[in-house]
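Enquirer: What follows is target_10.tsv, TSV, C-alpha atoms and all ligand atoms.
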```
chain	number	residue	atom	x	y	z
A	596	MET	CA	76.12	214.33	109.74
A	597	ALA	CA	73.85	213.84	112.77
A	598	LYS	CA	75.51	210.66	114.06
A	599	THR	CA	78.15	211.06	116.78
A	600	ILE	CA	81.67	210.33	115.56
A	601	ASN	CA	83.99	208.82	118.17
A	602	VAL	CA	87.55	210.06	117.93
A	603	ALA	CA	90.51	208.50	119.73
A	604	VAL	CA	92.97	211.25	120.66
A	605	ILE	CA	96.54	210.04	121.16
A	606	VAL	CA	99.04	212.25	122.93
A	607	GLY	CA	102.70	211.49	122.20
A	608	SER	CA	103.99	212.81	125.53
A	609	LEU	CA	103.72	210.87	128.79
A	610	ARG	CA	104.63	213.69	131.16
A	611	LYS	CA	102.11	215.25	133.51
A	612	GLY	CA	102.73	218.87	132.53
A	613	SER	CA	102.76	218.11	128.80
A	614	ILE	CA	102.12	221.04	126.48
A	615	ASN	CA	100.81	218.59	123.89
A	616	ARG	CA	98.22	217.30	126.37
A	617	MET	CA	97.14	220.92	126.88
A	618	VAL	CA	96.81	221.23	123.10
A	619	ALA	CA	94.82	217.98	122.96
A	620	ASN	CA	92.47	219.19	125.70
A	621	THR	CA	91.99	222.45	123.81
A	622	LEU	CA	91.16	220.58	120.59
A	623	ILE	CA	88.61	218.51	122.52
A	624	GLU	CA	87.06	221.73	123.80
A	625	LEU	CA	86.96	223.31	120.33
A	626	ALA	CA	85.59	220.31	118.44
A	627	PRO	CA	82.25	220.54	116.62
A	628	ALA	CA	79.37	218.97	118.57
A	629	ASP	CA	79.08	215.86	116.39
A	630	LEU	CA	82.60	214.74	117.32
A	631	LYS	CA	83.14	212.95	120.64
A	632	LEU	CA	86.83	213.01	121.44
A	633	ASP	CA	88.53	211.01	124.19
A	634	ILE	CA	92.20	210.70	125.00
A	635	VAL	CA	93.34	207.07	124.78
A	636	GLU	CA	96.39	206.63	127.00
A	637	ILE	CA	99.56	204.94	125.68
A	638	GLY	CA	101.98	205.11	128.63
A	639	GLN	CA	100.83	201.80	130.11
A	640	LEU	CA	101.57	199.81	126.94
A	641	GLN	CA	104.36	197.26	127.30
A	642	LEU	CA	106.94	197.48	124.51
A	643	TYR	CA	105.70	195.60	121.49
A	644	ASN	CA	107.19	192.11	121.19
A	645	GLN	CA	106.01	189.77	118.46
A	646	ASP	CA	106.51	186.77	120.78
A	647	LEU	CA	103.46	187.99	122.70
A	648	ASP	CA	101.10	188.01	119.71
A	649	ASP	CA	99.36	184.83	120.91
A	650	ARG	CA	99.26	185.89	124.61
A	651	PRO	CA	98.93	189.68	124.50
A	652	PRO	CA	99.16	191.76	127.68
A	653	ALA	CA	95.74	192.96	128.87
A	654	GLU	CA	96.82	196.57	128.22
A	655	TRP	CA	97.43	195.81	124.53
A	656	THR	CA	94.01	194.23	124.18
A	657	ALA	CA	92.27	197.11	125.94
A	658	PHE	CA	94.12	199.64	123.78
A	659	ARG	CA	93.29	197.78	120.56
A	660	GLU	CA	89.64	197.63	121.56
A	661	ARG	CA	89.55	201.38	122.24
A	662	ILE	CA	90.99	202.19	118.82
A	663	ALA	CA	88.87	199.58	117.04
A	664	GLY	CA	85.77	201.12	118.64
A	665	SER	CA	86.63	204.62	117.36
A	666	ASN	CA	85.67	206.08	114.01
A	667	ALA	CA	88.77	208.25	113.66
A	668	VAL	CA	92.10	209.15	115.23
A	669	LEU	CA	93.79	212.42	116.13
A	670	PHE	CA	97.47	212.53	117.09
A	671	VAL	CA	98.98	215.36	119.13
A	672	THR	CA	102.69	214.94	119.61
A	673	PRO	CA	105.96	216.52	120.62
A	674	GLU	CA	109.13	215.98	118.64
A	675	TYR	CA	111.89	213.90	120.19
A	676	ASN	CA	115.26	214.16	118.44
A	677	ARG	CA	113.61	215.27	115.21
A	678	SER	CA	111.22	212.33	115.18
A	679	ILE	CA	108.28	210.92	117.13
A	680	PRO	CA	108.55	209.79	120.77
A	681	ALA	CA	109.18	206.06	121.26
A	682	ALA	CA	105.95	205.68	123.25
A	683	LEU	CA	103.97	206.88	120.27
A	684	LYS	CA	105.71	204.53	117.83
A	685	ASN	CA	105.11	201.71	120.29
A	686	ALA	CA	101.38	202.50	120.36
A	687	LEU	CA	101.28	202.43	116.56
A	688	ASP	CA	103.06	199.06	116.55
A	689	VAL	CA	100.84	197.56	119.26
A	690	GLY	CA	97.72	198.63	117.36
A	691	SER	CA	99.08	197.27	114.08
A	692	ARG	CA	99.38	193.64	115.10
A	693	PRO	CA	98.73	190.69	114.92
A	694	TYR	CA	99.41	190.90	111.20
A	695	GLY	CA	96.23	191.48	109.23
A	696	LYS	CA	94.30	192.66	112.27
A	697	SER	CA	95.52	196.25	112.52
A	698	VAL	CA	93.04	198.44	114.35
A	699	TRP	CA	94.28	201.52	112.47
A	700	ASN	CA	93.14	200.32	109.08
A	701	GLY	CA	91.05	202.96	107.31
A	702	LYS	CA	90.61	205.28	110.32
A	703	PRO	CA	90.77	208.88	109.12
A	704	GLY	CA	93.43	210.83	111.02
A	705	ALA	CA	95.23	214.10	111.51
A	706	VAL	CA	98.45	215.22	113.13
A	707	VAL	CA	99.14	218.18	115.39
A	708	SER	CA	102.58	218.87	116.80
A	709	ALA	CA	103.69	221.35	119.44
A	710	SER	CA	107.07	222.36	120.78
A	711	PRO	CA	108.64	225.15	122.82
A	712	SER	CA	111.05	225.58	119.90
A	713	ALA	CA	110.41	227.64	116.77
A	714	ILE	CA	109.63	224.87	114.28
A	715	GLY	CA	106.74	223.38	116.22
A	716	GLY	CA	107.67	219.71	115.94
A	717	PHE	CA	107.68	219.71	112.15
A	718	GLY	CA	110.02	216.69	112.01
A	719	ALA	CA	107.80	214.56	114.26
A	720	ASN	CA	104.68	215.72	112.45
A	721	HIS	CA	106.03	214.48	109.12
A	722	HIS	CA	107.68	211.32	110.43
A	723	LEU	CA	104.34	210.29	111.89
A	724	ARG	CA	102.75	210.51	108.46
A	725	GLN	CA	105.13	207.84	107.09
A	726	PRO	CA	103.74	204.85	109.06
A	727	PHE	CA	100.26	206.20	108.33
A	728	VAL	CA	100.78	205.23	104.69
A	729	PHE	CA	101.37	201.58	105.51
A	730	LEU	CA	98.76	201.53	108.29
A	731	ASN	CA	96.19	202.99	105.89
A	732	ILE	CA	95.35	205.98	108.08
A	733	PRO	CA	94.22	208.67	105.60
A	734	ALA	CA	95.94	211.78	107.03
A	735	MET	CA	94.40	215.20	106.57
A	736	PRO	CA	96.84	217.30	104.51
A	737	GLN	CA	95.50	220.79	105.34
A	738	PRO	CA	95.50	222.76	107.50
A	739	GLU	CA	98.90	221.75	108.89
A	740	VAL	CA	99.47	222.44	112.58
A	741	TYR	CA	102.99	223.02	113.91
A	742	LEU	CA	102.66	225.00	117.13
A	743	GLY	CA	105.97	226.73	117.83
A	744	PHE	CA	106.84	228.48	121.13
A	745	ALA	CA	103.87	226.48	122.39
A	746	HIS	CA	104.75	226.89	126.08
A	747	LYS	CA	103.82	230.57	125.73
A	748	LEU	CA	100.32	229.80	124.50
A	749	PHE	CA	98.93	228.46	127.80
A	750	ASP	CA	98.42	229.74	131.33
A	751	GLN	CA	99.36	227.88	134.53
A	752	GLN	CA	96.05	225.98	134.44
A	753	GLY	CA	96.71	224.72	130.91
A	754	LYS	CA	94.20	227.07	129.32
A	755	LEU	CA	94.94	228.44	125.88
A	756	ILE	CA	95.43	232.19	126.25
A	757	ASN	CA	96.25	233.16	122.67
A	758	PRO	CA	93.05	234.15	120.79
A	759	ASP	CA	94.63	233.81	117.33
A	760	THR	CA	95.75	230.26	118.08
A	761	ARG	CA	92.28	229.47	119.43
A	762	LYS	CA	90.69	230.66	116.19
A	763	PHE	CA	93.22	228.73	114.12
A	764	LEU	CA	92.65	225.50	116.10
A	765	GLN	CA	88.90	225.93	115.86
A	766	GLY	CA	89.21	226.11	112.07
A	767	PHE	CA	91.46	223.05	112.17
A	768	MET	CA	88.83	221.08	114.09
A	769	GLN	CA	86.12	222.07	111.61
A	770	ALA	CA	88.31	220.89	108.74
A	771	TYR	CA	89.10	217.70	110.67
A	772	ALA	CA	85.39	216.95	111.23
A	773	ALA	CA	84.77	217.33	107.48
A	774	TRP	CA	87.80	215.13	106.72
A	775	VAL	CA	86.55	212.39	109.03
A	776	VAL	CA	83.09	212.41	107.47
A	777	ALA	CA	84.52	212.38	103.93
A	778	ASN	CA	86.91	209.50	104.70
A	779	ALA	CA	84.84	207.44	107.14
A	780	LYS	CA	84.89	203.69	106.60
A	781	SER	CA	81.51	202.59	105.33
B	1	LIG	C1	114.23	213.17	124.53
B	1	LIG	C2	113.83	214.55	124.07
B	1	LIG	C3	114.13	214.96	122.79
B	1	LIG	C4	113.69	216.20	122.33
B	1	LIG	N1	113.93	216.55	121.04
B	1	LIG	C5	113.33	217.66	120.53
B	1	LIG	C6	113.36	217.95	119.13
B	1	LIG	O1	113.93	217.23	118.34
B	1	LIG	N2	112.71	219.05	118.69
B	1	LIG	C7	112.03	219.89	119.54
B	1	LIG	O2	111.45	220.86	119.08
B	1	LIG	N3	112.00	219.66	120.87
B	1	LIG	C8	112.62	218.57	121.38
B	1	LIG	N4	112.54	218.28	122.72
B	1	LIG	C9	111.91	219.25	123.61
B	1	LIG	C10	110.40	219.03	123.64
B	1	LIG	O3	109.79	219.69	122.54
B	1	LIG	C11	109.85	219.59	124.95
B	1	LIG	O4	110.37	218.89	126.04
B	1	LIG	C12	108.32	219.55	124.95
B	1	LIG	O5	107.85	220.27	126.07
B	1	LIG	C13	107.82	218.12	124.97
B	1	LIG	O6	106.44	218.09	124.80
B	1	LIG	P1	105.42	217.97	126.02
B	1	LIG	O7	105.47	219.31	126.74
B	1	LIG	O8	104.11	217.71	125.41
B	1	LIG	O9	105.91	216.87	126.92
B	1	LIG	C14	112.99	217.07	123.20
B	1	LIG	C15	112.71	216.64	124.51
B	1	LIG	C16	113.12	215.41	124.93
B	1	LIG	C17	112.78	214.97	126.35
```
Represent the structure contained in this file as structure tokens.
Ligand SMILES: Cc1cc2nc3c(=O)[nH]c(=O)nc-3n(C[C@H](O)[C@H](O)[C@H](O)COP(=O)(O)O)c2cc1C

Expert:
Amino acid sequence: MAKTINVAVIVGSLRKGSINRMVANTLIELAPADLKLDIVEIGQLQLYNQDLDDRPPAEWTAFRERIAGSNAVLFVTPEYNRSIPAALKNALDVGSRPYGKSVWNGKPGAVVSASPSAIGGFGANHHLRQPFVFLNIPAMPQPEVYLGFAHKLFDQQGKLINPDTRKFLQGFMQAYAAWVVANAKS
């Protein structure tokens, strides 16, 4: 596909030194040329409150416009207490409303999780796929990415130093590009 595909990358961690942000930056670097990936920030989003549906905060509107203007979504998240971070769930909720106007609808997606622990955020990775069903985000099944001991994969500058992981993530991004093309909304 010659056309550029705009991908909204959402990082589930808000902290400056986030490993998951390092992973997201690496995925951006490894993406095939026809994908244009940009991180869409979620930390500024006020907690979703249905009372505000008819007078939404400017940050909600800007976020919804960014997602609506993207062709696909890519989530890179840590695991918090065996599930997804609250900030990430909030972003999903903000984007899903007002009812019937969800900006997620039909955007092809994929999930990557990373953790310093052995199981690589498996719980968060799979919990995130549950709202995807209702939000109609077709989630790429394979390859799965659970990056365990992820703090050891990067140097002080946030550069990926493990060549095997680099190769694996490159393959993941190629599969993701094909998934997005195959599932793009017409
Ligand atoms: C509130 C909280 C809950 C956490 N729960 C888990 C967990 O369930 N599983 C896990 O592997 N790591 C857990 N961690 C550790 C995170 O994986 C670790 O802090 C990681 O570096 C967070 O990702 P980040 O570097 O992208 O911010 C938790 C951390 C916090 C702050």

Enquirer: Using only C-alpha atoms and all ligand atoms, find each residue with an atom at most 7 Å away from ligand LIG 1 (chain B) and format the answer as a PDB file with C-alpha atoms, in the coordinates of the input.

Expert:
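And here is the file that came out, part-v8.pdb:
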```
ATOM      1  CA  SER A 608     103.990 212.810 125.530  1.00  0.00           C
ATOM      2  CA  LEU A 609     103.720 210.870 128.790  1.00  0.00           C
ATOM      3  CA  ARG A 610     104.630 213.690 131.160  1.00  0.00           C
ATOM      4  CA  GLY A 612     102.730 218.870 132.530  1.00  0.00           C
ATOM      5  CA  SER A 613     102.760 218.110 128.800  1.00  0.00           C
ATOM      6  CA  ILE A 614     102.120 221.040 126.480  1.00  0.00           C
ATOM      7  CA  ASN A 615     100.810 218.590 123.890  1.00  0.00           C
ATOM      8  CA  ARG A 616      98.220 217.300 126.370  1.00  0.00           C
ATOM      9  CA  THR A 672     102.690 214.940 119.610  1.00  0.00           C
ATOM     10  CA  PRO A 673     105.960 216.520 120.620  1.00  0.00           C
ATOM     11  CA  GLU A 674     109.130 215.980 118.640  1.00  0.00           C
ATOM     12  CA  TYR A 675     111.890 213.900 120.190  1.00  0.00           C
ATOM     13  CA  ASN A 676     115.260 214.160 118.440  1.00  0.00           C
ATOM     14  CA  ARG A 677     113.610 215.270 115.210  1.00  0.00           C
ATOM     15  CA  SER A 678     111.220 212.330 115.180  1.00  0.00           C
ATOM     16  CA  ALA A 709     103.690 221.350 119.440  1.00  0.00           C
ATOM     17  CA  SER A 710     107.070 222.360 120.780  1.00  0.00           C
ATOM     18  CA  PRO A 711     108.640 225.150 122.820  1.00  0.00           C
ATOM     19  CA  SER A 712     111.050 225.580 119.900  1.00  0.00           C
ATOM     20  CA  ILE A 714     109.630 224.870 114.280  1.00  0.00           C
ATOM     21  CA  GLY A 715     106.740 223.380 116.220  1.00  0.00           C
ATOM     22  CA  GLY A 716     107.670 219.710 115.940  1.00  0.00           C
TER      23      GLY A 716
END
```

Enquirer: How far is it from atom CA of Val635 of chain A to atom CA of Ala603 of chain A, in Å with one decimal?

Expert: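 So the two atoms, atom CA of Val635 of chain A and atom CA of Ala603 of chain A, lie 6.0 Å apart.
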
Enquirer: Between atom CA of Ala770 of chain A and atom CA of Leu748 of chain A, what is the distance, to one decimal in Å?

Expert: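 One can read the atom CA of Ala770 of chain A to atom CA of Leu748 of chain A distance as 21.7 Å.
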
Enquirer: Using only C-alpha atoms, list the residues that have an atom at most 12 Å from (96.0, 194.7, 112.7), coordinates as in the file, as an mmCIF file with C-alpha atoms, in the frame of the given file.

Expert:
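out_6.cif, freshly written:
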```cif
data_model
loop_
_atom_site.group_PDB
_atom_site.id
_atom_site.type_symbol
_atom_site.label_atom_id
_atom_site.label_comp_id
_atom_site.auth_asym_id
_atom_site.auth_seq_id
_atom_site.Cartn_x
_atom_site.Cartn_y
_atom_site.Cartn_z
ATOM 1 C CA ASP A 648 101.100 188.010 119.710
ATOM 2 C CA TRP A 655 97.430 195.810 124.530
ATOM 3 C CA THR A 656 94.010 194.230 124.180
ATOM 4 C CA ARG A 659 93.290 197.780 120.560
ATOM 5 C CA GLU A 660 89.640 197.630 121.560
ATOM 6 C CA ILE A 662 90.990 202.190 118.820
ATOM 7 C CA ALA A 663 88.870 199.580 117.040
ATOM 8 C CA LEU A 687 101.280 202.430 116.560
ATOM 9 C CA ASP A 688 103.060 199.060 116.550
ATOM 10 C CA VAL A 689 100.840 197.560 119.260
ATOM 11 C CA GLY A 690 97.720 198.630 117.360
ATOM 12 C CA SER A 691 99.080 197.270 114.080
ATOM 13 C CA ARG A 692 99.380 193.640 115.100
ATOM 14 C CA PRO A 693 98.730 190.690 114.920
ATOM 15 C CA TYR A 694 99.410 190.900 111.200
ATOM 16 C CA GLY A 695 96.230 191.480 109.230
ATOM 17 C CA LYS A 696 94.300 192.660 112.270
ATOM 18 C CA SER A 697 95.520 196.250 112.520
ATOM 19 C CA VAL A 698 93.040 198.440 114.350
ATOM 20 C CA TRP A 699 94.280 201.520 112.470
ATOM 21 C CA ASN A 700 93.140 200.320 109.080
ATOM 22 C CA GLY A 701 91.050 202.960 107.310
ATOM 23 C CA PHE A 729 101.370 201.580 105.510
ATOM 24 C CA LEU A 730 98.760 201.530 108.290
ATOM 25 C CA ASN A 731 96.190 202.990 105.890
#
```

Enquirer: Pick from A:Asn666, A:Gln639, A:Thr621, A:Asn601: nearest to Asn778 of chain A, with all atoms listed in the file counted?

Expert: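 Ranked by minimum distance to Asn778 of chain A, first place goes to A:Asn666.
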
Enquirer: Pick the closest to Gly743 of chain A from A:Asn620, A:Pro680, A:Phe717, A:Asn685: which is it, counting only C-alpha atoms?

Expert: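 Between A:Asn620, A:Pro680, A:Phe717, A:Asn685, the residue approaching Gly743 of chain A most closely is A:Phe717.
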
Enquirer: Enter the distance from atom CA of Ala667 of chain A to atom CA of Val707 of chain A, in Å, rounded to one decimal.

Expert: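 Going from atom CA of Ala667 of chain A over to atom CA of Val707 of chain A covers 14.5 Å.
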
Enquirer: Out of A:Arg661, A:Arg650, A:His721, A:Lys747, which residue has the shortest atom-to-atom distance to Ile679 of chain A when counting only C-alpha atoms?

Expert: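 Closest to Ile679 of chain A, using only C-alpha atoms: A:His721.
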
Enquirer: So for segment 739-751 of chain A, what box centre and size do we get, axis-aligned, 4 Å extra on each of the six sides, every listed atom, Å to one decimal, as lines of an AutoDock Vina configuration file?

Expert:
```
center_x = 102.6
center_y = 226.2
center_z = 121.7
size_x = 16.4
size_y = 16.8
size_z = 33.6
```

Enquirer: Could you name the residues that touch Met735 of chain A at 9 Å or less, counting only C-alpha atoms, but leaving out those on the same chain fewer than 3 positions away, as a list in words?

Expert: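 Residues meeting the cut-off are Pro703, Gly704, Ala705, Val706, Pro738, Glu739, Ala770, Tyr771, Trp774 and Val775 of chain A.
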
Enquirer: Which is closest to Ile756 of chain A among A:Met617, A:Leu669, A:Ala682, A:Glu636, if we use all atoms listed in the file?

Expert: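 That would be A:Met617, the residue with the smallest distance to Ile756 of chain A.
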
Enquirer: I'd like to know which of A:Phe658, A:Phe744, A:Ile732, A:Ile600 is closest to Ala628 of chain A, using all atoms listed in the file.

Expert: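 Smallest separation from Ala628 of chain A among the options: A:Ile600.
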
Enquirer: Complete segment 659-670 of chain A at the level of all heavy atoms, written as a compact mmCIF listing (two decimals), in the frame of the given file.

Expert:
```txt
# COMPACT_ATOMS: atom_id res chain seq x y z
N ARG A 659 93.78 198.15 121.90
CA ARG A 659 93.29 197.78 120.56
C ARG A 659 91.77 197.92 120.49
O ARG A 659 91.23 198.39 119.48
CB ARG A 659 93.72 196.35 120.23
CG ARG A 659 95.21 196.22 119.95
CD ARG A 659 95.66 194.77 119.96
NE ARG A 659 97.06 194.64 119.62
CZ ARG A 659 97.80 193.56 119.88
NH1 ARG A 659 97.27 192.53 120.50
NH2 ARG A 659 99.07 193.52 119.53
N GLU A 660 91.11 197.53 121.57
CA GLU A 660 89.64 197.63 121.56
C GLU A 660 89.19 199.09 121.52
O GLU A 660 88.22 199.43 120.85
CB GLU A 660 89.06 196.91 122.80
CG GLU A 660 89.08 195.39 122.64
CD GLU A 660 88.73 194.63 123.91
OE1 GLU A 660 88.50 195.27 124.96
OE2 GLU A 660 88.71 193.38 123.84
N ARG A 661 89.92 199.95 122.25
CA ARG A 661 89.55 201.38 122.24
C ARG A 661 89.70 201.98 120.84
O ARG A 661 88.85 202.73 120.37
CB ARG A 661 90.45 202.18 123.20
CG ARG A 661 90.19 201.96 124.68
CD ARG A 661 88.90 202.56 125.20
NE ARG A 661 88.70 203.99 124.96
CZ ARG A 661 89.18 204.96 125.71
NH1 ARG A 661 89.93 204.69 126.76
NH2 ARG A 661 88.92 206.24 125.44
N ILE A 662 90.78 201.63 120.17
CA ILE A 662 90.99 202.19 118.82
C ILE A 662 89.99 201.57 117.84
O ILE A 662 89.37 202.27 117.03
CB ILE A 662 92.44 201.95 118.33
CG1 ILE A 662 93.46 202.56 119.31
CG2 ILE A 662 92.63 202.52 116.90
CD1 ILE A 662 93.34 204.05 119.53
N ALA A 663 89.81 200.26 117.95
CA ALA A 663 88.87 199.58 117.04
C ALA A 663 87.46 200.16 117.17
O ALA A 663 86.71 200.24 116.20
CB ALA A 663 88.86 198.08 117.32
N GLY A 664 87.10 200.58 118.39
CA GLY A 664 85.77 201.12 118.64
C GLY A 664 85.62 202.59 118.25
O GLY A 664 84.54 203.17 118.43
N SER A 665 86.69 203.20 117.76
CA SER A 665 86.63 204.62 117.36
C SER A 665 86.45 204.73 115.86
O SER A 665 86.82 203.84 115.10
CB SER A 665 87.94 205.33 117.74
OG SER A 665 88.20 205.16 119.11
N ASN A 666 85.88 205.84 115.45
CA ASN A 666 85.67 206.08 114.01
C ASN A 666 86.87 206.78 113.38
O ASN A 666 87.03 206.74 112.15
CB ASN A 666 84.44 206.95 113.77
CG ASN A 666 83.20 206.39 114.42
OD1 ASN A 666 82.72 206.92 115.42
ND2 ASN A 666 82.68 205.31 113.89
N ALA A 667 87.68 207.44 114.20
CA ALA A 667 88.77 208.25 113.66
C ALA A 667 89.83 208.45 114.73
O ALA A 667 89.60 208.15 115.91
CB ALA A 667 88.22 209.61 113.21
N VAL A 668 90.98 208.94 114.30
CA VAL A 668 92.10 209.15 115.23
C VAL A 668 92.68 210.55 115.06
O VAL A 668 92.70 211.08 113.94
CB VAL A 668 93.20 208.08 115.04
CG1 VAL A 668 92.78 206.75 115.62
CG2 VAL A 668 93.57 207.91 113.57
N LEU A 669 93.16 211.10 116.17
CA LEU A 669 93.79 212.42 116.13
C LEU A 669 95.05 212.35 117.00
O LEU A 669 94.96 212.01 118.19
CB LEU A 669 92.81 213.48 116.68
CG LEU A 669 93.34 214.90 116.80
CD1 LEU A 669 93.79 215.47 115.46
CD2 LEU A 669 92.26 215.82 117.40
N PHE A 670 96.19 212.64 116.39
CA PHE A 670 97.47 212.53 117.09
C PHE A 670 97.99 213.93 117.44
O PHE A 670 98.03 214.80 116.57
CB PHE A 670 98.49 211.81 116.21
CG PHE A 670 98.16 210.36 115.99
CD1 PHE A 670 97.23 209.99 115.02
CD2 PHE A 670 98.76 209.37 116.75
CE1 PHE A 670 96.93 208.64 114.80
CE2 PHE A 670 98.46 208.03 116.54
CZ PHE A 670 97.54 207.67 115.58
```
